[in-house]
Amino acid sequence: MLSQLEAPFKIDERVFLKIISDERDLITLLSDIRIIVDVRETSDSYTQIAGMSTGIPQIVKQESNHVYHKKNGFCHDHGYSVAEGLYFYLEDLDHWNDSLVYSYHLMQEYSGKKIMKKWREIIDNASKY
């Protein structure tokens, strides 16, 4: 079955599954992807950051620093299935749009100025000891 998914596997008129095997595949598909599903025990950080930076909701096993349940993702560890996550983001586009906005705000936390400010705080606190 997985070998069949190397090429996009059509589920219906608008839904395709594609296994992403490396970063090139992900970058190539980002403009067409509407939701990322990563069912590995530990989600791929590169994929999560790419999804967050483009505002694409993600279905993952557990929350991380980049994916938050019902904010910009849907997490299995909250007792939900992949199907429920797909339904949440694809049936009601308000949820998809909310994810886009949340991801945008989350990305602001990773701006150069904010990172420099956090490093300054760490250095200042370390120099007190």
# chains A, B, ... in the order shown; residues from 1 in each chain; ligands from 1
>>> residues_around(residues="Tyr89 (chain A)", least_positions_apart="5", cutoff="10 Å", atoms="only C-alpha atoms", output="list in words")
Arg34, Ile35, Ile56, Pro57, Gln58, Ile59, Lys70, Asn72, Gly73, Phe74, Glu84, Asp94, His95, Trp96, Asn97, Asp98 and Ser99 of chain A
>>> select_by_dssp(residues="region 35-95 of chain A", states="strand (DSSP E)", output="list in words")
Ile36, Val37, Asp38, Gln58, Ile59, Val60, Gly73, Phe74 and Cys75 of chain A
>>> write_last_selection(atoms="all heavy atoms", output="compact mmCIF listing (two decimals), in the first residue's frame")
# COMPACT_ATOMS: atom_id res chain seq x y z
N ILE A 36 -1.23 19.02 6.90
CA ILE A 36 -0.11 18.09 7.04
C ILE A 36 -0.49 17.06 8.09
O ILE A 36 -0.94 17.41 9.18
CB ILE A 36 1.17 18.83 7.48
CG1 ILE A 36 1.63 19.78 6.38
CG2 ILE A 36 2.27 17.83 7.85
CD1 ILE A 36 2.76 20.71 6.81
N VAL A 37 -0.31 15.77 7.77
CA VAL A 37 -0.56 14.70 8.71
C VAL A 37 0.76 13.99 8.95
O VAL A 37 1.37 13.46 8.04
CB VAL A 37 -1.61 13.69 8.16
CG1 VAL A 37 -1.83 12.57 9.16
CG2 VAL A 37 -2.91 14.39 7.83
N ASP A 38 1.21 14.03 10.19
CA ASP A 38 2.46 13.38 10.59
C ASP A 38 2.15 12.45 11.75
O ASP A 38 1.95 12.91 12.87
CB ASP A 38 3.50 14.43 10.99
CG ASP A 38 4.88 13.83 11.24
OD1 ASP A 38 4.99 12.60 11.40
OD2 ASP A 38 5.84 14.61 11.28
N GLN A 58 -1.69 21.14 11.11
CA GLN A 58 -1.01 19.86 11.16
C GLN A 58 -1.72 18.90 12.11
O GLN A 58 -2.16 19.31 13.18
CB GLN A 58 0.43 20.05 11.62
CG GLN A 58 1.19 21.00 10.70
CD GLN A 58 2.58 21.28 11.20
OE1 GLN A 58 3.34 20.34 11.44
NE2 GLN A 58 2.92 22.55 11.36
N ILE A 59 -1.80 17.66 11.71
CA ILE A 59 -2.31 16.61 12.57
C ILE A 59 -1.09 15.79 12.99
O ILE A 59 -0.37 15.25 12.16
CB ILE A 59 -3.34 15.72 11.84
CG1 ILE A 59 -4.54 16.58 11.43
CG2 ILE A 59 -3.77 14.56 12.73
CD1 ILE A 59 -5.54 15.85 10.56
N VAL A 60 -0.85 15.76 14.31
CA VAL A 60 0.34 15.11 14.86
C VAL A 60 -0.05 14.27 16.07
O VAL A 60 -1.15 14.39 16.58
CB VAL A 60 1.41 16.15 15.25
CG1 VAL A 60 1.91 16.92 14.03
CG2 VAL A 60 0.88 17.13 16.28
N GLY A 73 -3.04 23.00 15.01
CA GLY A 73 -2.88 21.57 14.79
C GLY A 73 -3.93 20.78 15.54
O GLY A 73 -4.77 21.33 16.25
N PHE A 74 -3.86 19.50 15.35
CA PHE A 74 -4.79 18.58 16.01
C PHE A 74 -3.95 17.43 16.52
O PHE A 74 -3.21 16.81 15.75
CB PHE A 74 -5.84 18.10 14.99
CG PHE A 74 -7.14 17.74 15.60
CD1 PHE A 74 -8.12 18.71 15.80
CD2 PHE A 74 -7.41 16.44 15.96
CE1 PHE A 74 -9.34 18.37 16.35
CE2 PHE A 74 -8.62 16.09 16.51
CZ PHE A 74 -9.60 17.05 16.71
N CYS A 75 -4.03 17.13 17.82
CA CYS A 75 -3.11 16.19 18.44
C CYS A 75 -3.81 14.92 18.91
O CYS A 75 -4.80 15.00 19.62
CB CYS A 75 -2.40 16.87 19.60
SG CYS A 75 -1.57 18.39 19.11
>>> closest_atom_pairs(of="region 64-95 of chain A", to="region 101-108 of chain A", cutoff="9 Å", atoms="only C-alpha atoms", output="Markdown table")
| residue | atom | partner | partner_atom | distance |
| --- | --- | --- | --- | --- |
| A:His66 | CA | A:Leu106 | CA | 7.8 |
| A:Val67 | CA | A:Ser103 | CA | 8.6 |
| A:Lys71 | CA | A:Tyr102 | CA | 6.3 |
| A:Asn72 | CA | A:Ser103 | CA | 6.1 |
>>> write_last_selection(atoms="C-alpha atoms", output="CSV table (one decimal), in the first residue's frame")
chain,number,residue,atom,x,y,z
A,66,HIS,CA,5.3,24.5,17.0
A,67,VAL,CA,2.0,22.7,17.0
A,71,LYS,CA,-4.8,26.2,17.5
A,72,ASN,CA,-2.7,25.3,14.5
>>> select_by_dssp(residues="region 14-99 of chain A", states="helix (DSSP H, G or I)", output="MDAnalysis selection string")
chainID A and resid 23:29 45:54 76:78 82:91 93:99
>>> closest_residue(among="A:Thr42, A:Ser64, A:Asn125, A:Thr47", to="Asp25 (chain A)", atoms="only C-alpha atoms")
A:Thr47
>>> atom_distance(atom1="CA of Leu100 (chain A)", atom2="CA of Gly55 (chain A)")
4.2 Å
>>> decode(residues="region 79-90 of chain A", atoms="all heavy atoms", output="PDB file, in the first residue's frame")
ATOM      1  N   GLY A  79      -6.765  12.328  22.571  1.00  0.00           N
ATOM      2  CA  GLY A  79      -7.806  11.312  22.431  1.00  0.00           C
ATOM      3  C   GLY A  79      -8.582  11.379  21.126  1.00  0.00           C
ATOM      4  O   GLY A  79      -9.672  10.812  21.046  1.00  0.00           O
ATOM      5  N   TYR A  80      -8.061  12.022  20.117  1.00  0.00           N
ATOM      6  CA  TYR A  80      -8.750  12.160  18.839  1.00  0.00           C
ATOM      7  C   TYR A  80      -8.058  11.352  17.749  1.00  0.00           C
ATOM      8  O   TYR A  80      -6.868  11.052  17.836  1.00  0.00           O
ATOM      9  CB  TYR A  80      -8.799  13.627  18.406  1.00  0.00           C
ATOM     10  CG  TYR A  80      -9.581  14.507  19.342  1.00  0.00           C
ATOM     11  CD1 TYR A  80      -8.932  15.284  20.294  1.00  0.00           C
ATOM     12  CD2 TYR A  80     -10.967  14.552  19.279  1.00  0.00           C
ATOM     13  CE1 TYR A  80      -9.648  16.096  21.158  1.00  0.00           C
ATOM     14  CE2 TYR A  80     -11.691  15.356  20.146  1.00  0.00           C
ATOM     15  CZ  TYR A  80     -11.026  16.128  21.075  1.00  0.00           C
ATOM     16  OH  TYR A  80     -11.734  16.925  21.928  1.00  0.00           O
ATOM     17  N   SER A  81      -8.802  11.045  16.713  1.00  0.00           N
ATOM     18  CA  SER A  81      -8.252  10.297  15.577  1.00  0.00           C
ATOM     19  C   SER A  81      -7.822  11.256  14.464  1.00  0.00           C
ATOM     20  O   SER A  81      -8.177  12.437  14.477  1.00  0.00           O
ATOM     21  CB  SER A  81      -9.309   9.336  15.026  1.00  0.00           C
ATOM     22  OG  SER A  81     -10.367  10.076  14.414  1.00  0.00           O
ATOM     23  N   VAL A  82      -7.088  10.717  13.502  1.00  0.00           N
ATOM     24  CA  VAL A  82      -6.695  11.495  12.328  1.00  0.00           C
ATOM     25  C   VAL A  82      -7.944  11.971  11.593  1.00  0.00           C
ATOM     26  O   VAL A  82      -8.029  13.130  11.156  1.00  0.00           O
ATOM     27  CB  VAL A  82      -5.782  10.672  11.392  1.00  0.00           C
ATOM     28  CG1 VAL A  82      -5.586  11.381  10.055  1.00  0.00           C
ATOM     29  CG2 VAL A  82      -4.449  10.391  12.056  1.00  0.00           C
ATOM     30  N   ALA A  83      -8.934  11.099  11.465  1.00  0.00           N
ATOM     31  CA  ALA A  83     -10.175  11.457  10.764  1.00  0.00           C
ATOM     32  C   ALA A  83     -10.861  12.655  11.431  1.00  0.00           C
ATOM     33  O   ALA A  83     -11.358  13.550  10.746  1.00  0.00           O
ATOM     34  CB  ALA A  83     -11.123  10.259  10.718  1.00  0.00           C
ATOM     35  N   GLU A  84     -10.870  12.679  12.769  1.00  0.00           N
ATOM     36  CA  GLU A  84     -11.481  13.813  13.474  1.00  0.00           C
ATOM     37  C   GLU A  84     -10.694  15.096  13.211  1.00  0.00           C
ATOM     38  O   GLU A  84     -11.283  16.169  13.079  1.00  0.00           O
ATOM     39  CB  GLU A  84     -11.548  13.529  14.975  1.00  0.00           C
ATOM     40  CG  GLU A  84     -12.582  12.465  15.318  1.00  0.00           C
ATOM     41  CD  GLU A  84     -12.481  12.004  16.755  1.00  0.00           C
ATOM     42  OE1 GLU A  84     -11.394  11.553  17.171  1.00  0.00           O
ATOM     43  OE2 GLU A  84     -13.511  12.094  17.459  1.00  0.00           O
ATOM     44  N   GLY A  85      -9.372  14.995  13.130  1.00  0.00           N
ATOM     45  CA  GLY A  85      -8.558  16.163  12.809  1.00  0.00           C
ATOM     46  C   GLY A  85      -8.810  16.660  11.402  1.00  0.00           C
ATOM     47  O   GLY A  85      -8.930  17.869  11.162  1.00  0.00           O
ATOM     48  N   LEU A  86      -8.911  15.733  10.456  1.00  0.00           N
ATOM     49  CA  LEU A  86      -9.217  16.124   9.069  1.00  0.00           C
ATOM     50  C   LEU A  86     -10.575  16.811   9.000  1.00  0.00           C
ATOM     51  O   LEU A  86     -10.727  17.848   8.351  1.00  0.00           O
ATOM     52  CB  LEU A  86      -9.185  14.903   8.147  1.00  0.00           C
ATOM     53  CG  LEU A  86      -7.815  14.297   7.885  1.00  0.00           C
ATOM     54  CD1 LEU A  86      -7.949  12.946   7.186  1.00  0.00           C
ATOM     55  CD2 LEU A  86      -6.954  15.250   7.072  1.00  0.00           C
ATOM     56  N   TYR A  87     -11.547  16.233   9.670  1.00  0.00           N
ATOM     57  CA  TYR A  87     -12.885  16.824   9.696  1.00  0.00           C
ATOM     58  C   TYR A  87     -12.841  18.225  10.310  1.00  0.00           C
ATOM     59  O   TYR A  87     -13.439  19.164   9.787  1.00  0.00           O
ATOM     60  CB  TYR A  87     -13.843  15.916  10.479  1.00  0.00           C
ATOM     61  CG  TYR A  87     -15.262  16.419  10.472  1.00  0.00           C
ATOM     62  CD1 TYR A  87     -16.105  16.141   9.400  1.00  0.00           C
ATOM     63  CD2 TYR A  87     -15.753  17.184  11.521  1.00  0.00           C
ATOM     64  CE1 TYR A  87     -17.408  16.617   9.383  1.00  0.00           C
ATOM     65  CE2 TYR A  87     -17.051  17.658  11.519  1.00  0.00           C
ATOM     66  CZ  TYR A  87     -17.874  17.373  10.444  1.00  0.00           C
ATOM     67  OH  TYR A  87     -19.155  17.855  10.420  1.00  0.00           O
ATOM     68  N   PHE A  88     -12.114  18.372  11.417  1.00  0.00           N
ATOM     69  CA  PHE A  88     -12.030  19.652  12.118  1.00  0.00           C
ATOM     70  C   PHE A  88     -11.535  20.755  11.186  1.00  0.00           C
ATOM     71  O   PHE A  88     -12.089  21.858  11.164  1.00  0.00           O
ATOM     72  CB  PHE A  88     -11.099  19.504  13.324  1.00  0.00           C
ATOM     73  CG  PHE A  88     -10.975  20.750  14.167  1.00  0.00           C
ATOM     74  CD1 PHE A  88     -11.962  21.087  15.072  1.00  0.00           C
ATOM     75  CD2 PHE A  88      -9.854  21.565  14.073  1.00  0.00           C
ATOM     76  CE1 PHE A  88     -11.849  22.221  15.872  1.00  0.00           C
ATOM     77  CE2 PHE A  88      -9.728  22.702  14.864  1.00  0.00           C
ATOM     78  CZ  PHE A  88     -10.735  23.032  15.765  1.00  0.00           C
ATOM     79  N   TYR A  89     -10.485  20.483  10.414  1.00  0.00           N
ATOM     80  CA  TYR A  89      -9.892  21.530   9.577  1.00  0.00           C
ATOM     81  C   TYR A  89     -10.480  21.622   8.176  1.00  0.00           C
ATOM     82  O   TYR A  89     -10.438  22.690   7.573  1.00  0.00           O
ATOM     83  CB  TYR A  89      -8.376  21.353   9.492  1.00  0.00           C
ATOM     84  CG  TYR A  89      -7.712  21.846  10.750  1.00  0.00           C
ATOM     85  CD1 TYR A  89      -7.079  20.970  11.610  1.00  0.00           C
ATOM     86  CD2 TYR A  89      -7.743  23.185  11.097  1.00  0.00           C
ATOM     87  CE1 TYR A  89      -6.487  21.427  12.782  1.00  0.00           C
ATOM     88  CE2 TYR A  89      -7.163  23.645  12.267  1.00  0.00           C
ATOM     89  CZ  TYR A  89      -6.540  22.755  13.093  1.00  0.00           C
ATOM     90  OH  TYR A  89      -5.972  23.216  14.249  1.00  0.00           O
ATOM     91  N   LEU A  90     -11.016  20.545   7.656  1.00  0.00           N
ATOM     92  CA  LEU A  90     -11.489  20.592   6.272  1.00  0.00           C
ATOM     93  C   LEU A  90     -12.986  20.828   6.153  1.00  0.00           C
ATOM     94  O   LEU A  90     -13.454  21.324   5.129  1.00  0.00           O
ATOM     95  CB  LEU A  90     -11.092  19.308   5.537  1.00  0.00           C
ATOM     96  CG  LEU A  90      -9.583  19.077   5.438  1.00  0.00           C
ATOM     97  CD1 LEU A  90      -9.297  17.737   4.775  1.00  0.00           C
ATOM     98  CD2 LEU A  90      -8.891  20.213   4.706  1.00  0.00           C
TER      99      LEU A  90
END
